[in-house]
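Next up, run-v2.txt (compact mmCIF, C-alpha atoms):
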# COMPACT_ATOMS: atom_id res chain seq x y z
CA MET A 1 -8.13 4.46 14.36
CA GLN A 2 -8.57 3.59 10.67
CA SER A 3 -5.85 4.57 8.20
CA LEU A 4 -4.06 3.34 5.11
CA ILE A 5 -1.65 1.53 7.46
CA THR A 6 -4.50 -0.56 8.84
CA ASP A 7 -5.45 -1.73 5.35
CA ASP A 8 -2.13 -1.67 3.50
CA LEU A 9 0.82 -2.52 5.79
CA THR A 10 2.43 -5.87 6.62
CA VAL A 11 5.19 -6.03 9.23
CA ILE A 12 7.84 -8.70 8.53
CA ILE A 13 9.95 -10.03 11.41
CA PRO A 14 12.79 -12.48 10.64
CA LEU A 15 13.52 -14.99 13.42
CA TYR A 16 16.38 -17.33 14.22
CA ASN A 17 16.64 -18.65 17.80
CA LYS A 18 15.58 -15.35 19.38
CA TYR A 19 12.22 -16.15 20.90
CA GLU A 20 12.61 -13.99 24.02
CA LYS A 21 13.64 -10.99 21.93
CA VAL A 22 11.16 -11.49 19.11
CA GLU A 23 8.34 -11.59 21.66
CA ARG A 24 9.33 -8.05 22.70
CA ALA A 25 9.38 -7.00 19.04
CA VAL A 26 5.92 -8.48 18.41
CA ILE A 27 4.46 -6.83 21.51
CA SER A 28 5.83 -3.47 20.35
CA VAL A 29 3.87 -3.90 17.10
CA LEU A 30 0.74 -4.96 18.97
CA ASN A 31 1.05 -1.78 21.07
CA GLN A 32 1.00 0.54 18.06
CA LYS A 33 -1.50 3.40 18.05
CA ILE A 34 -2.42 2.34 14.52
CA ALA A 35 -2.47 -1.42 13.96
CA PRO A 36 -0.97 -2.88 10.74
CA LYS A 37 -3.03 -5.33 8.72
CA PHE A 38 -0.67 -8.31 9.18
CA ILE A 39 2.44 -9.42 11.02
CA ILE A 40 4.47 -12.13 9.30
CA ILE A 41 7.16 -13.84 11.38
CA VAL A 42 9.58 -15.83 9.22
CA ASP A 43 11.37 -18.56 11.17
CA ALA A 44 14.63 -19.22 9.32
CA GLY A 45 15.44 -22.66 10.71
CA SER A 46 15.40 -22.06 14.47
CA ASN A 47 16.53 -25.09 16.47
CA ASN A 48 14.73 -24.30 19.73
CA ASP A 49 11.07 -24.21 20.79
CA GLY A 50 10.61 -20.56 19.78
CA ALA A 51 8.43 -21.33 16.77
CA GLN A 52 6.07 -23.45 18.85
CA ARG A 53 5.72 -20.72 21.46
CA LEU A 54 5.13 -18.10 18.77
CA ASN A 55 2.40 -20.30 17.33
CA GLU A 56 0.65 -19.98 20.66
CA ILE A 57 0.76 -16.19 20.34
CA ALA A 58 -0.42 -16.35 16.72
CA GLU A 59 -3.46 -18.35 17.79
CA LEU A 60 -4.53 -15.36 19.88
CA TYR A 61 -4.12 -12.88 17.02
CA PRO A 62 -5.39 -14.08 13.61
CA PHE A 63 -3.45 -11.35 11.78
CA ILE A 64 -0.11 -12.85 12.95
CA HIS A 65 1.23 -15.48 10.57
CA LEU A 66 4.23 -17.71 11.25
CA VAL A 67 6.12 -18.92 8.18
CA THR A 68 8.82 -21.60 8.29
CA HIS A 69 11.73 -21.00 5.94
CA ASP A 70 14.45 -23.64 5.66
CA GLN A 71 17.14 -21.32 4.32
CA LYS A 72 19.07 -19.51 7.06
CA GLY A 73 19.89 -15.83 6.93
CA GLY A 74 17.97 -12.64 7.61
CA ALA A 75 17.98 -11.52 3.96
CA ALA A 76 16.35 -14.71 2.72
CA ALA A 77 13.83 -14.60 5.58
CA LYS A 78 12.85 -11.01 4.80
CA ASN A 79 12.53 -11.73 1.08
CA ARG A 80 10.32 -14.72 1.86
CA GLY A 81 8.17 -12.56 4.11
CA VAL A 82 7.62 -10.09 1.29
CA LEU A 83 6.57 -12.90 -1.06
CA GLU A 84 4.10 -14.12 1.56
CA SER A 85 2.62 -10.63 1.96
CA SER A 86 -0.16 -9.11 -0.10
CA THR A 87 -0.42 -5.50 1.15
CA LYS A 88 0.69 -2.39 -0.69
CA TYR A 89 3.41 -1.58 1.85
CA ILE A 90 5.85 -3.73 3.81
CA ALA A 91 7.98 -2.78 6.80
CA PHE A 92 10.68 -4.79 8.55
CA LEU A 93 11.45 -5.20 12.24
CA GLU A 94 14.49 -7.15 13.42
CA ALA A 95 13.87 -9.58 16.29
CA ASP A 96 16.32 -7.63 18.50
CA ASP A 97 14.58 -4.28 18.02
CA GLU A 98 11.28 -2.60 18.88
CA TRP A 99 8.98 0.18 17.79
CA LEU A 100 7.72 2.99 19.96
CA PRO A 101 3.89 3.15 20.04
CA GLU A 102 3.76 6.01 17.51
CA HIS A 103 5.86 4.35 14.81
CA THR A 104 3.04 3.22 12.50
CA ALA A 105 1.37 6.59 13.02
CA ASN A 106 4.61 8.19 11.80
CA LEU A 107 4.58 5.88 8.78
CA ASP A 108 0.99 6.90 8.14
CA GLU A 109 2.02 10.57 8.26
CA VAL A 110 4.87 10.23 5.78
CA ILE A 111 3.03 7.90 3.38
CA SER A 112 -0.13 10.03 3.38
CA LYS A 113 1.84 13.16 2.52
CA ASN A 114 4.18 11.47 0.03
CA ASN A 115 2.13 8.64 -1.42
CA ASP A 116 4.06 8.64 -4.70
CA ALA A 117 7.38 7.73 -3.02
CA ASP A 118 8.88 4.25 -3.38
CA PHE A 119 10.26 3.81 0.12
CA TYR A 120 10.11 5.57 3.46
CA CYS A 121 12.57 6.12 6.32
CA ILE A 122 11.98 6.94 9.97
CA PRO A 123 15.16 7.76 11.96
CA PHE A 124 15.98 5.68 15.03
CA ILE A 125 17.49 5.62 18.51
CA VAL A 126 20.29 3.18 19.38
CA ASN A 127 20.00 1.60 22.82
CA SER A 128 23.61 0.66 23.64
CA PRO A 129 25.97 0.07 26.57
CA MET A 130 26.86 3.77 26.29
CA GLY A 131 23.24 4.83 26.68
CA ASN A 132 20.70 6.00 24.14
CA LEU A 133 22.31 7.38 21.00
CA LYS A 134 20.72 9.52 18.31
CA PRO A 135 22.69 8.93 15.09
CA HIS A 136 23.00 12.07 13.00
CA VAL A 137 20.46 12.80 10.26
CA GLU A 138 21.17 15.69 7.91
CA LEU A 139 17.58 16.98 7.95
CA PRO A 140 15.69 19.62 9.92
CA GLN A 141 13.29 18.50 12.62
CA PRO A 142 10.49 18.11 11.99
CA PHE A 143 10.81 17.15 8.31
CA ASN A 144 8.20 15.28 6.32
CA GLY A 145 8.92 15.11 2.62
CA LYS A 146 10.72 13.55 -0.31
CA LEU A 147 14.51 13.70 -0.58
CA SER A 148 15.97 15.27 -3.69
CA ASN A 149 19.17 13.22 -3.27
CA PHE A 150 18.91 10.18 -0.98
CA VAL A 151 22.54 9.06 -1.41
CA LYS A 152 23.92 12.49 -0.48
CA THR A 153 21.65 12.79 2.58
CA TYR A 154 22.42 9.22 3.65
CA SER A 155 26.14 9.91 3.26
CA SER A 156 25.95 12.91 5.60
CA GLY A 157 24.97 10.82 8.62
CA TYR A 158 24.28 7.24 9.65
CA GLY A 159 20.87 7.60 11.28
CA LEU A 160 18.63 7.74 8.22
CA ALA A 161 17.98 4.10 7.32
CA HIS A 162 17.97 0.80 9.19
CA SER A 163 16.26 -2.51 8.46
CA SER A 164 13.94 -1.93 11.45
CA SER A 165 13.00 1.60 10.38
CA ILE A 166 12.46 1.36 6.62
CA CYS A 167 9.19 0.78 4.79
CA PHE A 168 8.83 -0.14 1.11
CA ARG A 169 6.15 -0.01 -1.48
CA ARG A 170 5.96 -3.77 -2.06
CA SER A 171 5.97 -3.51 -5.86
CA PHE A 172 9.15 -1.40 -5.77
CA PHE A 173 10.90 -3.82 -3.39
CA LEU A 174 10.19 -6.70 -5.76
CA LYS A 175 11.19 -4.64 -8.81
CA ILE A 176 14.72 -3.98 -7.52
CA GLY A 177 15.17 -7.56 -6.35
CA GLY A 178 14.98 -7.25 -2.58
CA PHE A 179 17.88 -8.11 -0.27
CA PRO A 180 20.82 -9.96 -1.87
CA GLU A 181 21.04 -13.42 -0.31
CA ASN A 182 24.03 -15.52 0.80
CA ILE A 183 26.01 -12.35 1.52
CA HIS A 184 28.09 -11.99 4.70
CA SER A 185 27.87 -8.21 5.10
CA GLY A 186 26.77 -5.04 3.33
CA LYS A 187 23.45 -6.35 2.01
CA ASP A 188 21.35 -3.71 3.80
CA ILE A 189 23.46 -0.75 2.66
CA TYR A 190 23.47 -2.17 -0.87
CA LEU A 191 19.67 -2.20 -0.88
CA TRP A 192 19.36 1.31 0.58
CA LEU A 193 21.72 2.71 -2.07
CA ARG A 194 20.02 0.83 -4.91
CA SER A 195 16.65 2.06 -3.68
CA GLY A 196 17.84 5.67 -3.45
CA LEU A 197 19.37 5.57 -6.92
CA GLU A 198 16.42 3.91 -8.64
CA GLY A 199 13.50 5.22 -6.61
CA VAL A 200 12.18 8.09 -4.51
CA CYS A 201 12.59 8.19 -0.73
CA ALA A 202 10.43 10.14 1.71
CA VAL A 203 11.41 10.75 5.34
CA TYR A 204 9.56 11.71 8.49
CA ASN A 205 12.26 12.95 10.85
CA SER A 206 10.67 11.82 14.11
CA ARG A 207 12.50 8.95 15.84
CA SER A 208 10.18 6.08 16.73
CA VAL A 209 12.40 2.98 16.43
CA ILE A 210 14.73 1.52 19.06
CA ILE A 211 17.73 -0.43 17.78
CA ASN A 212 19.06 -2.62 20.61
CA LYS A 213 22.80 -3.21 20.37
CA LYS A 214 25.19 -5.02 22.69
CA ASN A 215 28.11 -3.45 20.81
CA ILE A 216 28.25 -0.05 19.13
CA ILE A 217 30.06 -1.43 16.10
CA ASN A 218 29.03 -4.74 14.56
CA SER A 219 32.16 -6.75 15.08
CA ASN A 220 33.66 -9.54 12.98
CA PRO A 221 37.44 -9.39 13.53
CA SER A 222 38.01 -12.35 11.18
CA GLN A 223 36.20 -10.79 8.19
CA LYS A 224 38.33 -11.13 5.06
CA PHE A 225 36.15 -9.69 2.32
CA ALA A 226 34.92 -6.18 1.64
CA PRO A 227 31.18 -5.71 2.30
CA TYR A 228 28.92 -6.39 -0.66
CA HIS A 229 27.87 -2.77 -1.14
CA VAL A 230 31.54 -1.77 -1.57
CA THR A 231 32.37 -4.44 -4.14
CA TYR A 232 29.11 -4.01 -6.06
CA PHE A 233 29.14 -0.24 -6.47
CA VAL A 234 32.88 0.04 -7.16
CA GLU A 235 32.50 -2.56 -9.91
CA HIS A 236 29.27 -1.07 -11.33
CA LEU A 237 30.04 2.65 -11.28
CA HIS A 238 29.99 2.69 -15.07
CA ASN A 239 26.24 2.01 -14.97
CA TYR A 240 25.48 5.39 -13.40
CA SER A 241 25.41 9.00 -14.56
CA ALA A 242 28.22 11.44 -13.75
CA LYS A 243 26.16 13.01 -10.95
CA GLU A 244 25.26 9.61 -9.50
CA LYS A 245 28.88 8.47 -9.72
CA LYS A 246 29.96 11.52 -7.73
CA ASP A 247 27.43 10.83 -4.98
CA ILE A 248 28.25 7.11 -4.85
CA LYS A 249 31.97 7.83 -4.64
CA GLN A 250 31.42 10.36 -1.86
CA PHE A 251 29.48 7.79 0.14
CA LEU A 252 31.93 4.94 -0.52
CA LYS A 253 35.05 6.94 0.32
CA ARG A 254 33.64 7.91 3.70
CA ASN A 255 32.21 4.46 4.36
CA ILE A 256 35.40 2.62 3.41
CA PHE A 257 37.44 4.87 5.69
CA LEU A 258 35.13 4.05 8.62
CA LEU A 259 35.32 0.33 7.78
CA TRP A 260 39.12 0.58 7.56
CA ALA A 261 39.31 2.34 10.96
CA LYS A 262 37.16 -0.41 12.49
CA ALA A 263 39.47 -3.04 10.99
CA LYS A 264 42.45 -1.14 12.41
CA ILE A 265 40.94 -1.23 15.90
CA GLU A 266 40.29 -4.96 15.50
CA LYS A 267 43.83 -5.58 14.15
CA ASN A 268 42.37 -7.08 10.96
CA ARG A 269 45.29 -6.52 8.57
CA HIS A 270 43.81 -8.58 5.73
CA LEU A 271 40.58 -6.59 5.57
CA ARG A 272 42.51 -3.31 5.66
CA THR A 273 44.49 -4.44 2.61
CA VAL A 274 41.29 -5.36 0.76
CA LEU A 275 39.68 -2.02 1.60
CA ARG A 276 42.77 -0.12 0.39
CA PHE A 277 42.46 -1.97 -2.92
CA TYR A 278 38.88 -0.76 -3.39
CA ILE A 279 39.59 2.80 -2.27
CA SER A 280 42.41 2.95 -4.84
CA LYS A 281 39.78 2.53 -7.56
CA LEU A 282 37.97 5.60 -6.26
CA SER A 283 40.71 7.96 -5.14
CA LYS A 284 44.51 7.68 -5.21
CA LEU A 285 44.70 10.37 -2.53
CA GLN A 286 42.40 8.40 -0.21
CA TRP A 287 44.51 5.28 -0.89
CA PHE A 288 47.65 7.16 0.15
CA ILE A 289 45.95 8.49 3.29
CA LEU A 290 44.95 4.97 4.34
CA LEU A 291 48.43 3.68 3.59
CA PHE A 292 49.96 6.44 5.72
CA SER A 293 47.39 5.79 8.46
CA GLU A 294 48.87 2.30 8.92
CA LEU A 295 51.61 4.09 10.87
CA ILE A 296 49.12 5.57 13.35
CA PRO A 297 48.43 3.47 16.49
CA ALA A 298 45.02 1.78 16.70
CA CYS A 299 44.33 3.52 20.03
CA PHE A 300 44.01 6.83 18.14
CA PHE A 301 41.12 5.48 16.05
CA GLU A 302 39.50 4.03 19.16
CA LEU A 303 39.54 7.50 20.77
CA VAL A 304 38.02 9.04 17.63
CA ARG A 305 35.32 6.36 17.57
CA LYS A 306 34.40 6.97 21.22
CA ARG A 307 34.23 10.71 20.67
CA ARG A 308 32.05 10.27 17.59
CA ILE A 309 29.68 8.03 19.55
CA SER A 310 29.52 10.36 22.58
CA ASN A 311 28.55 13.27 20.32
CA ASN A 312 25.40 11.34 19.38
CA LYS A 313 24.17 10.66 22.92
CA GLN A 314 20.52 11.44 23.49
CA LYS A 315 19.92 14.53 25.59
Turn this file's structure into structure tokens for me.
Amino acid sequence: MQSLITDDLTVIIPLYNKYEKVERAVISVLNQKIAPKFIIIVDAGSNNDGAQRLNEIAELYPFIHLVTHDQKGGAAAKNRGVLESSTKYIAFLEADDEWLPEHTANLDEVISKNNDADFYCIPFIVNSPMGNLKPHVELPQPFNGKLSNFVKTYSSGYGLAHSSSICFRRSFFLKIGGFPENIHSGKDIYLWLRSGLEGVCAVYNSRSVIINKKNIINSNPSQKFAPYHVTYFVEHLHNYSAKEKKDIKQFLKRNIFLLWAKAKIEKNRHLRTVLRFYISKLSKLQWFILLFSELIPACFFELVRKRRISNNKQK
């Protein structure tokens, strides 16, 4: 089946010591109803035989290219993949994840209808120890169109954008600078927010991506610094209009509270203090609420988290 995806899409897969998983990801791309033009696998310094074994696969499929990148980190690997690409559109797929066979057809649907957008989102399913979860998306189903306010829609749920479900116009990705490198956390959310503030997003609300997670919440109990998207947008609010500031603040206040609750569950006192500092710059009331919440046992937030997750189980 010929489409703009066949001629204009490159799939970029970052790899670091995950051969068994990345093989599943590659096969899911090969099984697409509409084939992309290229697959670029960026090996960010793997120290096993995965690259050699992937070379064997690439020899069977001339449109698969394996690139070696000395710098570690998924952000740097994805940025390198974009520089190596030449198509009009680029999509990312993490080595842990996979696409359902209709994913590129869904991308073709949303790009064909909204070909003046800068980036595109397809919602996803989370395959977790608690079963298949369908993170909330504040859009009707089906929906295929441009968002009037990406930040507001993104803030209303957490199932809209993921690095395995987003597709960019390559020129736009390069214009806004791609993923920030050498960042411990928050680089993806930073890029989604920057993209939504500076460009136009279109969404096809038909889930065709599987995010495989061993844990529901990405855990780093020793984290000491606020995620990059928090520090960047709190410090750069003055660069945005009054309406944009309002939307950014709405997103950050909700996001920081969720990050704080996670840190409470993990007994990470230092990170909670840092997050209270940043929330104080956005809302004194929210700062007081977090300060008061220090008195509430962590088990309460664990119960709330479990209930929130169970409400998103796939039916």
Top pick for closest residue to A:Glu302, considering A:Ile12, A:Val200, A:Val209, A:Ile265 and counting only C-alpha atoms |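 Nearest to A:Glu302: A:Ile265.
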Pick from A:Ile13, A:Leu174, A:Gln32, A:Tyr19: nearest to A:Ile64, with all atoms listed in the file counted?
->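 Selected residue with least distance to A:Ile64: A:Ile13.
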Distance of atom CA of A:Thr10 from atom CA of A:Val42, expressed in Å to one decimal place =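 Atom-to-atom, atom CA of A:Val42 and atom CA of A:Thr10 are spaced 12.5 Å apart.
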Could you check how far atom CA of A:Phe292 sits from atom CA of A:Arg276, in Å to one decimal?
-> 11.1 Å
Taking (8.2, -17.3, 12.5) in the file's own coordinates, collect the residues within 7 Å, counting only C-alpha atoms, and hand them back as a ChimeraX atom specification.
-> /A:14-15,41-43,51,66-68
When distances are computed from only C-alpha atoms, which of A:Arg207, A:Lys213, A:Lys78, A:Lys243 shows the smallest separation from A:Phe143?
-> A:Arg207
What lies within 6 Å of stretch 183-197 of chain A using all atoms listed in the file, ignoring chain neighbours under 5 positions off, as a ChimeraX atom specification?
-> /A:150,227-229
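Considering the residues A:Tyr120, A:Arg24, A:Trp260, A:Ala58 and counting only C-alpha atoms, A:Phe277 has its shortest atom-to-atom contact with A:Trp260.
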Quick one: residues within 10 Å of A:Lys253, only C-alpha atoms counted, chain neighbours fewer than 2 positions away excluded, as a ChimeraX atom specification?
-> /A:155,230,248-251,255-259,278-280,282-283,286-287
Calculate, to one decimal in Å, the centre and edge lengths of the box along x, y and z of the file that holds all listed atoms of stretch 247-257 of chain A with 4 Å of margin on each side, and present them as JSON.
{"center_x": 32.4, "center_y": 6.7, "center_z": 0.4, "size_x": 18.0, "size_y": 16.2, "size_z": 18.7}
Figure out the distance between atom CA of A:Ile166 and atom CA of A:Glu98, please, to one decimal in Å.
->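 Separation between atom CA of A:Glu98 and atom CA of A:Ile166: 12.9 Å.
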Give me the residues within 9 Å of A:Gly131 as a PyMOL selection string, counting all atoms listed in the file and dropping any in the same chain fewer than 3 places off.
-> chain A and resi 126-128+313-314
Can those selected residues be exported to a file as a short mmCIF file (atom, residue, chain, number, x, y, z; two decimals), in the frame of the given file so that it contains C-alpha atoms?
data_model
loop_
_atom_site.label_atom_id
_atom_site.label_comp_id
_atom_site.auth_asym_id
_atom_site.auth_seq_id
_atom_site.Cartn_x
_atom_site.Cartn_y
_atom_site.Cartn_z
CA VAL A 126 20.29 3.18 19.38
CA ASN A 127 20.00 1.60 22.82
CA SER A 128 23.61 0.66 23.64
CA LYS A 313 24.17 10.66 22.92
CA GLN A 314 20.52 11.44 23.49
#
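The point (40.2, -5.5, 13.5) has these residues within 12 Å of it, counting all atoms listed in the file: Ile217, Asn218, Ser219, Asn220, Pro221, Ser222, Gln223, Lys224, Leu258, Leu259, Trp260, Ala261, Lys262, Ala263, Lys264, Ile265, Glu266, Lys267, Asn268, Arg269, His270, Leu271, Arg272, Thr273, Ala298, Cys299, Phe301 and Glu302 of chain A.
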Kindly export the residues of the current selection with C-alpha atoms, as a compact mmCIF listing (two decimals), in the frame of the given file.
# COMPACT_ATOMS: atom_id res chain seq x y z
CA ILE A 217 30.06 -1.43 16.10
CA ASN A 218 29.03 -4.74 14.56
CA SER A 219 32.16 -6.75 15.08
CA ASN A 220 33.66 -9.54 12.98
CA PRO A 221 37.44 -9.39 13.53
CA SER A 222 38.01 -12.35 11.18
CA GLN A 223 36.20 -10.79 8.19
CA LYS A 224 38.33 -11.13 5.06
CA LEU A 258 35.13 4.05 8.62
CA LEU A 259 35.32 0.33 7.78
CA TRP A 260 39.12 0.58 7.56
CA ALA A 261 39.31 2.34 10.96
CA LYS A 262 37.16 -0.41 12.49
CA ALA A 263 39.47 -3.04 10.99
CA LYS A 264 42.45 -1.14 12.41
CA ILE A 265 40.94 -1.23 15.90
CA GLU A 266 40.29 -4.96 15.50
CA LYS A 267 43.83 -5.58 14.15
CA ASN A 268 42.37 -7.08 10.96
CA ARG A 269 45.29 -6.52 8.57
CA HIS A 270 43.81 -8.58 5.73
CA LEU A 271 40.58 -6.59 5.57
CA ARG A 272 42.51 -3.31 5.66
CA THR A 273 44.49 -4.44 2.61
CA ALA A 298 45.02 1.78 16.70
CA CYS A 299 44.33 3.52 20.03
CA PHE A 301 41.12 5.48 16.05
CA GLU A 302 39.50 4.03 19.16
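Proximity to A:Ala77 was assessed for A:Asn182, A:Asn132, A:Ser206, A:Asn312 counting all atoms listed in the file; the smallest distance is recorded for A:Asn182.
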Could you pull the residues within 10 Å of A:Tyr61, counting all atoms listed in the file, minus those fewer than 5 positions along the same chain, as a PDB file with C-alpha atoms, in the coordinates of the input?
ATOM      1  CA  LEU A  30       0.740  -4.960  18.970  1.00  0.00           C
ATOM      2  CA  PHE A  38      -0.670  -8.310   9.180  1.00  0.00           C
ATOM      3  CA  ILE A  39       2.440  -9.420  11.020  1.00  0.00           C
ATOM      4  CA  ASN A  55       2.400 -20.300  17.330  1.00  0.00           C
ATOM      5  CA  GLU A  56       0.650 -19.980  20.660  1.00  0.00           C
TER       6      GLU A  56
END
For stretch 104-114 of chain A, list every protein, DNA or RNA residue within 7 Å, evaluated using all atoms listed in the file, and leave out those in the same chain fewer than 5 positions away; present the list as an MDAnalysis selection string.
-> chainID A and resid 4:5 32:34 144:146 202:204
Of the candidates A:Leu9, A:Leu139, A:Ala44, A:Leu133, which one gets nearest to A:Lys152 if we count only C-alpha atoms?
->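 Closest to A:Lys152 of all the choices is A:Leu139.
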Taking a cut-off of 10 Å and counting all atoms listed in the file, can you build a table that, for each residue of stretch 121-176 of chain A near stretch 89-97 of chain A, reports the nearest atom pair and how far apart they are in Å (one decimal), sorted by chain then residue number, as a Markdown table?
| residue | atom | partner | partner_atom | distance |
| --- | --- | --- | --- | --- |
| A:Val126 | CA | A:Asp97 | CA | 9.5 |
| A:Asn127 | CA | A:Asp97 | CA | 9.3 |
| A:His162 | CA | A:Phe92 | CA | 9.2 |
| A:Ser163 | CA | A:Phe92 | CA | 6.0 |
| A:Ser164 | CA | A:Leu93 | CA | 4.2 |
| A:Ser165 | CA | A:Phe92 | CA | 7.0 |
| A:Ile166 | CA | A:Ala91 | CA | 6.1 |
| A:Cys167 | CA | A:Ala91 | CA | 4.3 |
| A:Phe168 | CA | A:Ile90 | CA | 5.4 |
| A:Arg169 | CA | A:Tyr89 | CA | 4.6 |
| A:Arg170 | CA | A:Tyr89 | CA | 5.2 |
| A:Ser171 | CA | A:Tyr89 | CA | 8.4 |
| A:Phe172 | CA | A:Tyr89 | CA | 9.5 |
| A:Phe173 | CA | A:Ile90 | CA | 8.8 |
Mind completing stretch 135-150 of chain A with N, CA and C atoms? Output as a PDB file, keeping the file's coordinate frame, please?
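Writing done, so here's out34.pdb:
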ATOM      1  N   PRO A 135      21.815   8.759  16.255  1.00  0.00           N
ATOM      2  CA  PRO A 135      22.690   8.930  15.090  1.00  0.00           C
ATOM      3  C   PRO A 135      22.258  10.121  14.236  1.00  0.00           C
ATOM      4  N   HIS A 136      23.247  10.820  13.717  1.00  0.00           N
ATOM      5  CA  HIS A 136      23.000  12.070  13.000  1.00  0.00           C
ATOM      6  C   HIS A 136      22.185  11.853  11.725  1.00  0.00           C
ATOM      7  N   VAL A 137      21.241  12.748  11.501  1.00  0.00           N
ATOM      8  CA  VAL A 137      20.460  12.800  10.260  1.00  0.00           C
ATOM      9  C   VAL A 137      20.537  14.224   9.729  1.00  0.00           C
ATOM     10  N   GLU A 138      20.963  14.366   8.496  1.00  0.00           N
ATOM     11  CA  GLU A 138      21.170  15.690   7.910  1.00  0.00           C
ATOM     12  C   GLU A 138      19.861  16.261   7.378  1.00  0.00           C
ATOM     13  N   LEU A 139      18.889  16.425   8.292  1.00  0.00           N
ATOM     14  CA  LEU A 139      17.580  16.980   7.950  1.00  0.00           C
ATOM     15  C   LEU A 139      17.065  17.807   9.115  1.00  0.00           C
ATOM     16  N   PRO A 140      16.283  18.848   8.824  1.00  0.00           N
ATOM     17  CA  PRO A 140      15.690  19.620   9.920  1.00  0.00           C
ATOM     18  C   PRO A 140      14.636  18.784  10.650  1.00  0.00           C
ATOM     19  N   GLN A 141      14.331  19.189  11.857  1.00  0.00           N
ATOM     20  CA  GLN A 141      13.290  18.500  12.620  1.00  0.00           C
ATOM     21  C   GLN A 141      12.235  19.506  13.045  1.00  0.00           C
ATOM     22  N   PRO A 142      10.980  19.287  12.730  1.00  0.00           N
ATOM     23  CA  PRO A 142      10.490  18.110  11.990  1.00  0.00           C
ATOM     24  C   PRO A 142      10.654  18.288  10.484  1.00  0.00           C
ATOM     25  N   PHE A 143      10.761  17.169   9.778  1.00  0.00           N
ATOM     26  CA  PHE A 143      10.810  17.150   8.310  1.00  0.00           C
ATOM     27  C   PHE A 143       9.922  16.015   7.852  1.00  0.00           C
ATOM     28  N   ASN A 144       9.061  16.300   6.905  1.00  0.00           N
ATOM     29  CA  ASN A 144       8.200  15.280   6.320  1.00  0.00           C
ATOM     30  C   ASN A 144       8.107  15.573   4.827  1.00  0.00           C
ATOM     31  N   GLY A 145       8.911  14.851   4.056  1.00  0.00           N
ATOM     32  CA  GLY A 145       8.920  15.110   2.620  1.00  0.00           C
ATOM     33  C   GLY A 145       9.837  14.179   1.871  1.00  0.00           C
ATOM     34  N   LYS A 146       9.880  14.365   0.552  1.00  0.00           N
ATOM     35  CA  LYS A 146      10.720  13.550  -0.310  1.00  0.00           C
ATOM     36  C   LYS A 146      12.140  14.143  -0.362  1.00  0.00           C
ATOM     37  N   LEU A 147      13.121  13.265  -0.478  1.00  0.00           N
ATOM     38  CA  LEU A 147      14.510  13.700  -0.580  1.00  0.00           C
ATOM     39  C   LEU A 147      14.859  13.908  -2.046  1.00  0.00           C
ATOM     40  N   SER A 148      15.529  15.010  -2.318  1.00  0.00           N
ATOM     41  CA  SER A 148      15.970  15.270  -3.690  1.00  0.00           C
ATOM     42  C   SER A 148      17.183  14.423  -4.053  1.00  0.00           C
ATOM     43  N   ASN A 149      17.959  14.016  -3.032  1.00  0.00           N
ATOM     44  CA  ASN A 149      19.170  13.220  -3.270  1.00  0.00           C
ATOM     45  C   ASN A 149      19.382  12.309  -2.059  1.00  0.00           C
ATOM     46  N   PHE A 150      18.821  11.105  -2.117  1.00  0.00           N
ATOM     47  CA  PHE A 150      18.910  10.180  -0.980  1.00  0.00           C
ATOM     48  C   PHE A 150      20.360   9.840  -0.652  1.00  0.00           C
TER      49      PHE A 150
END
